[in-house]
Every structure is written in C-alpha cells, then in structure tokens.
$ cat upload01.csv   # CSV, N, CA and C atoms
chain,number,residue,atom,x,y,z
A,287,MET,N,6.5,11.9,6.7
A,287,MET,CA,5.1,11.7,6.5
A,287,MET,C,4.8,10.2,7.0
A,288,GLY,N,4.0,10.1,8.0
A,288,GLY,CA,3.7,8.7,8.5
A,288,GLY,C,2.3,8.3,8.1
A,289,ARG,N,1.9,7.2,8.6
A,289,ARG,CA,0.6,6.6,8.3
A,289,ARG,C,-0.5,7.4,9.0
A,290,ASP,N,-1.4,7.9,8.3
A,290,ASP,CA,-2.5,8.7,8.9
A,290,ASP,C,-3.5,7.7,9.5
A,291,PRO,N,-3.8,7.8,10.8
A,291,PRO,CA,-4.7,6.9,11.5
A,291,PRO,C,-6.1,6.8,10.9
A,292,LEU,N,-6.5,7.9,10.3
A,292,LEU,CA,-7.8,7.9,9.6
A,292,LEU,C,-7.9,6.9,8.5
A,293,MET,N,-6.8,6.5,8.0
A,293,MET,CA,-6.8,5.5,6.9
A,293,MET,C,-7.2,4.1,7.4
A,294,ASP,N,-7.1,3.9,8.7
A,294,ASP,CA,-7.5,2.7,9.3
A,294,ASP,C,-9.0,2.5,9.4
A,295,SER,N,-9.7,3.6,9.2
A,295,SER,CA,-11.1,3.6,9.2
A,295,SER,C,-11.8,3.2,7.9
A,296,VAL,N,-10.9,2.9,6.9
A,296,VAL,CA,-11.4,2.5,5.6
A,296,VAL,C,-12.0,1.1,5.7
A,297,HIS,N,-13.1,0.8,5.1
A,297,HIS,CA,-13.7,-0.5,5.1
A,297,HIS,C,-12.9,-1.4,4.1
A,298,VAL,N,-12.3,-2.4,4.6
A,298,VAL,CA,-11.6,-3.4,3.8
A,298,VAL,C,-12.5,-4.5,3.5
A,299,PRO,N,-12.8,-4.8,2.2
A,299,PRO,CA,-13.8,-5.9,1.9
A,299,PRO,C,-13.2,-7.2,2.5
A,300,GLU,N,-14.1,-8.1,2.9
A,300,GLU,CA,-13.8,-9.4,3.4
A,300,GLU,C,-12.9,-10.1,2.4
A,301,GLY,N,-11.9,-10.7,2.8
A,301,GLY,CA,-11.0,-11.5,2.0
A,301,GLY,C,-9.8,-10.7,1.5
A,302,LEU,N,-9.8,-9.4,1.7
A,302,LEU,CA,-8.7,-8.5,1.2
A,302,LEU,C,-7.9,-7.9,2.4
A,303,GLU,N,-8.2,-8.4,3.6
A,303,GLU,CA,-7.4,-7.9,4.8
A,303,GLU,C,-5.9,-8.2,4.6
A,304,GLU,N,-5.5,-9.3,4.1
A,304,GLU,CA,-4.1,-9.6,4.0
A,304,GLU,C,-3.4,-8.6,3.1
A,305,ILE,N,-4.0,-8.3,2.0
A,305,ILE,CA,-3.3,-7.3,1.1
A,305,ILE,C,-3.3,-5.9,1.7
A,306,TRP,N,-4.3,-5.6,2.5
A,306,TRP,CA,-4.3,-4.3,3.3
A,306,TRP,C,-3.1,-4.2,4.2
A,307,VAL,N,-2.9,-5.3,5.0
A,307,VAL,CA,-1.7,-5.4,5.9
A,307,VAL,C,-0.4,-5.3,5.1
A,308,LYS,N,-0.3,-6.1,4.0
A,308,LYS,CA,0.9,-6.0,3.2
A,308,LYS,C,1.2,-4.6,2.7
A,309,PHE,N,0.1,-3.9,2.3
A,309,PHE,CA,0.3,-2.6,1.8
A,309,PHE,C,0.9,-1.7,2.8
A,310,TRP,N,0.5,-1.8,4.1
A,310,TRP,CA,1.0,-0.9,5.1
A,310,TRP,C,2.4,-1.3,5.5
A,311,THR,N,2.8,-2.6,5.3
A,311,THR,CA,4.2,-3.0,5.5
A,311,THR,C,5.1,-2.4,4.4
A,312,LEU,N,4.6,-2.2,3.2
A,312,LEU,CA,5.3,-1.7,2.1
A,312,LEU,C,5.3,-0.2,1.9
A,313,PHE,N,4.2,0.4,2.4
A,313,PHE,CA,4.0,1.9,2.2
A,313,PHE,C,5.1,2.7,2.8
A,314,ASN,N,5.6,3.6,2.0
A,314,ASN,CA,6.7,4.5,2.5
A,314,ASN,C,6.2,5.9,2.1
A,315,GLY,N,6.0,6.8,3.1
A,315,GLY,CA,5.4,8.1,2.8
A,315,GLY,C,6.3,9.0,2.0
A,316,ASP,N,7.6,8.6,1.8
A,316,ASP,CA,8.5,9.5,1.1
A,316,ASP,C,8.7,9.1,-0.3
A,317,ALA,N,8.5,7.8,-0.7
A,317,ALA,CA,8.8,7.4,-2.0
A,317,ALA,C,7.6,6.5,-2.6
A,318,HIS,N,7.4,6.6,-3.9
A,318,HIS,CA,6.3,5.8,-4.5
A,318,HIS,C,6.7,4.3,-4.4
A,319,LEU,N,5.8,3.4,-4.3
A,319,LEU,CA,6.0,2.0,-4.3
A,319,LEU,C,6.4,1.6,-5.8
A,320,THR,N,7.4,0.8,-5.9
A,320,THR,CA,8.0,0.4,-7.2
A,320,THR,C,7.8,-1.1,-7.4
A,321,TYR,N,7.9,-1.5,-8.7
A,321,TYR,CA,7.8,-2.9,-9.0
A,321,TYR,C,9.0,-3.6,-8.4
A,322,SER,N,10.2,-3.0,-8.4
A,322,SER,CA,11.4,-3.6,-7.8
A,322,SER,C,11.2,-3.9,-6.3
A,323,GLU,N,10.5,-3.0,-5.6
A,323,GLU,CA,10.3,-3.2,-4.2
A,323,GLU,C,9.3,-4.4,-4.0
A,324,LEU,N,8.3,-4.5,-4.9
A,324,LEU,CA,7.4,-5.6,-4.8
A,324,LEU,C,8.1,-6.9,-5.1
A,325,GLU,N,9.0,-6.9,-6.1
A,325,GLU,CA,9.8,-8.1,-6.4
A,325,GLU,C,10.7,-8.5,-5.3
A,326,SER,N,11.3,-7.5,-4.6
A,326,SER,CA,12.2,-7.8,-3.5
A,326,SER,C,11.4,-8.4,-2.3
A,327,TYR,N,10.2,-7.7,-2.1
A,327,TYR,CA,9.4,-8.2,-1.0
A,327,TYR,C,9.0,-9.6,-1.2
A,328,GLN,N,8.6,-9.9,-2.4
A,328,GLN,CA,8.2,-11.3,-2.7
A,328,GLN,C,9.3,-12.3,-2.5
A,329,ARG,N,10.5,-11.9,-2.9
A,329,ARG,CA,11.7,-12.8,-2.7
A,329,ARG,C,12.0,-13.0,-1.3
A,330,VAL,N,12.0,-11.9,-0.5
A,330,VAL,CA,12.3,-12.0,0.9
A,330,VAL,C,11.3,-12.7,1.8
A,331,THR,N,10.0,-12.5,1.5
A,331,THR,CA,9.0,-13.0,2.4
A,331,THR,C,8.4,-14.3,1.9
A,332,GLY,N,8.6,-14.6,0.6
A,332,GLY,CA,8.0,-15.8,0.0
A,332,GLY,C,6.5,-15.7,-0.3
A,333,TRP,N,6.0,-14.5,-0.1
A,333,TRP,CA,4.6,-14.2,-0.5
A,333,TRP,C,4.5,-14.1,-2.0
A,334,ARG,N,3.8,-14.9,-2.6
A,334,ARG,CA,3.7,-14.9,-4.1
A,334,ARG,C,2.7,-13.9,-4.5
A,335,LEU,N,3.1,-12.9,-5.2
A,335,LEU,CA,2.2,-11.8,-5.7
A,335,LEU,C,1.6,-12.2,-7.0
A,336,LEU,N,0.3,-12.2,-7.0
A,336,LEU,CA,-0.5,-12.4,-8.2
A,336,LEU,C,-0.6,-11.1,-9.0
A,337,PRO,N,-0.8,-11.1,-10.3
A,337,PRO,CA,-1.0,-9.9,-11.0
A,337,PRO,C,-2.0,-8.9,-10.4
A,338,TRP,N,-3.1,-9.4,-9.8
A,338,TRP,CA,-4.0,-8.5,-9.2
A,338,TRP,C,-3.5,-7.9,-7.9
A,339,HIS,N,-2.7,-8.6,-7.2
A,339,HIS,CA,-2.0,-8.1,-6.0
A,339,HIS,C,-1.2,-6.8,-6.4
A,340,VAL,N,-0.4,-7.0,-7.4
A,340,VAL,CA,0.5,-5.9,-7.9
A,340,VAL,C,-0.4,-4.7,-8.3
A,341,ASP,N,-1.4,-4.9,-9.1
A,341,ASP,CA,-2.3,-3.8,-9.5
A,341,ASP,C,-2.9,-3.1,-8.3
A,342,ALA,N,-3.4,-4.0,-7.3
A,342,ALA,CA,-4.1,-3.4,-6.1
A,342,ALA,C,-3.1,-2.6,-5.3
A,343,LEU,N,-1.9,-3.2,-5.1
A,343,LEU,CA,-0.9,-2.5,-4.2
A,343,LEU,C,-0.5,-1.1,-4.9
A,344,MET,N,-0.3,-1.1,-6.2
A,344,MET,CA,0.1,0.1,-6.8
A,344,MET,C,-1.0,1.1,-6.8
A,345,GLU,N,-2.3,0.7,-6.9
A,345,GLU,CA,-3.4,1.6,-6.8
A,345,GLU,C,-3.6,2.1,-5.4
A,346,MET,N,-3.4,1.2,-4.4
A,346,MET,CA,-3.5,1.7,-3.0
A,346,MET,C,-2.4,2.7,-2.7
A,347,ASP,N,-1.2,2.5,-3.3
A,347,ASP,CA,-0.2,3.5,-3.1
A,347,ASP,C,-0.6,4.9,-3.7
A,348,ARG,N,-1.1,4.9,-4.9
A,348,ARG,CA,-1.6,6.1,-5.5
A,348,ARG,C,-2.7,6.8,-4.7
A,349,GLY,N,-3.6,5.9,-4.2
A,349,GLY,CA,-4.7,6.5,-3.4
A,349,GLY,C,-4.3,7.1,-2.1
A,350,ALA,N,-3.4,6.4,-1.4
A,350,ALA,CA,-2.9,6.8,-0.2
A,350,ALA,C,-2.1,8.1,-0.3
A,351,ARG,N,-1.3,8.2,-1.4
A,351,ARG,CA,-0.6,9.5,-1.6
A,351,ARG,C,-1.5,10.6,-1.9
A,352,ALA,N,-2.5,10.4,-2.7
A,352,ALA,CA,-3.5,11.4,-3.1
A,352,ALA,C,-4.2,11.9,-1.8
A,353,TYR,N,-4.6,11.0,-1.0
A,353,TYR,CA,-5.3,11.3,0.3
A,353,TYR,C,-4.3,12.1,1.2
A,354,MET,N,-3.1,11.7,1.3
A,354,MET,CA,-2.2,12.4,2.2
A,354,MET,C,-1.9,13.8,1.7
A,355,ALA,N,-1.7,13.9,0.4
A,355,ALA,CA,-1.5,15.2,-0.2
A,355,ALA,C,-2.6,16.2,0.0
A,356,GLU,N,-3.8,15.7,0.0
A,356,GLU,CA,-5.0,16.5,0.2
A,356,GLU,C,-5.1,16.9,1.7
A,357,ARG,N,-4.7,16.1,2.6
A,357,ARG,CA,-4.8,16.4,4.0
A,357,ARG,C,-3.7,17.3,4.4
A,358,ILE,N,-2.6,17.4,3.7
A,358,ILE,CA,-1.4,18.2,4.1
A,358,ILE,C,-1.3,19.5,3.3
A,359,LYS,N,-2.3,19.8,2.5
A,359,LYS,CA,-2.3,21.0,1.7
A,359,LYS,C,-2.0,22.2,2.7
A,360,PRO,N,-1.1,23.2,2.2
A,360,PRO,CA,-0.9,24.3,3.1
A,360,PRO,C,-2.0,25.3,3.1
$ encode --input "upload01.csv" --output "structure tokens"
Amino acid sequence: MGRDPLMDSVHVPEGLEEIWVKFWTLFNGDAHLTYSELESYQRVTGWRLLPWHVDALMEMDRGARAYMAERIKP
C-alpha cells in the first residue's frame, strides 16, 4: 500500500508544512507509526520532536490509515 496521491490535495495549514513532509517520510503503509520509530528518527536526523509533533504525527498516521482503509474496501 503506497501513498495515495489524493492525500496531497489536503490543505496543510501555514506553518505545518514541515511536519507534513516529515509525516510522509515516516509513513509506512504496512505498519503503524510507533514511538520507537519517532525516537529513532529524532536521533538519526537531529530533528527535535516536541510533544505536539508526536501527537500530530500519531494522529496523522491514524487518519491516513483510516482514509486508506476506506478507499481500499472490497
């Protein structure tokens, strides 16, 4: 399951573009995003995740999965 191009049509509020890009770097269609992955990403990239970043990324993962599940219904 790859990234659905329609998801790029989502309006990203000004100032949140960076977290949107980070999300797509982290998103894996096969597995849920985990806190361990976020910790590793932070360590490897040096990008300091604030608590709201973590909350937003986890919610984005849930939302993307729900959207994909709805689009792929048999």
$ select_by_dssp --input "upload01.csv" --residues "region 298-358 of chain A" --states "alpha helix (DSSP H)" --output "count of residues only"
42
$ residues_around --input "upload01.csv" --residues "region 341-356 of chain A" --least-positions-apart "5" --cutoff "8 Å" --atoms "only N, CA and C atoms" --output "list in words"
Asp290, Ile305, Lys308, Phe309, Phe313, Asn314, Gly315, His318, Leu319, Thr320 and Leu336 of chain A
$ atom_distance --input "upload01.csv" --atom1 "CA of Val330 (chain A)" --atom2 "CA of Leu312 (chain A)"
12.5 Å
$ atom_distance --input "upload01.csv" --atom1 "CA of Val296 (chain A)" --atom2 "CA of Leu335 (chain A)"
22.7 Å
$ atom_distance --input "upload01.csv" --atom1 "atom C of Tyr327 (chain A)" --atom2 "atom C of Val307 (chain A)"
12.1 Å
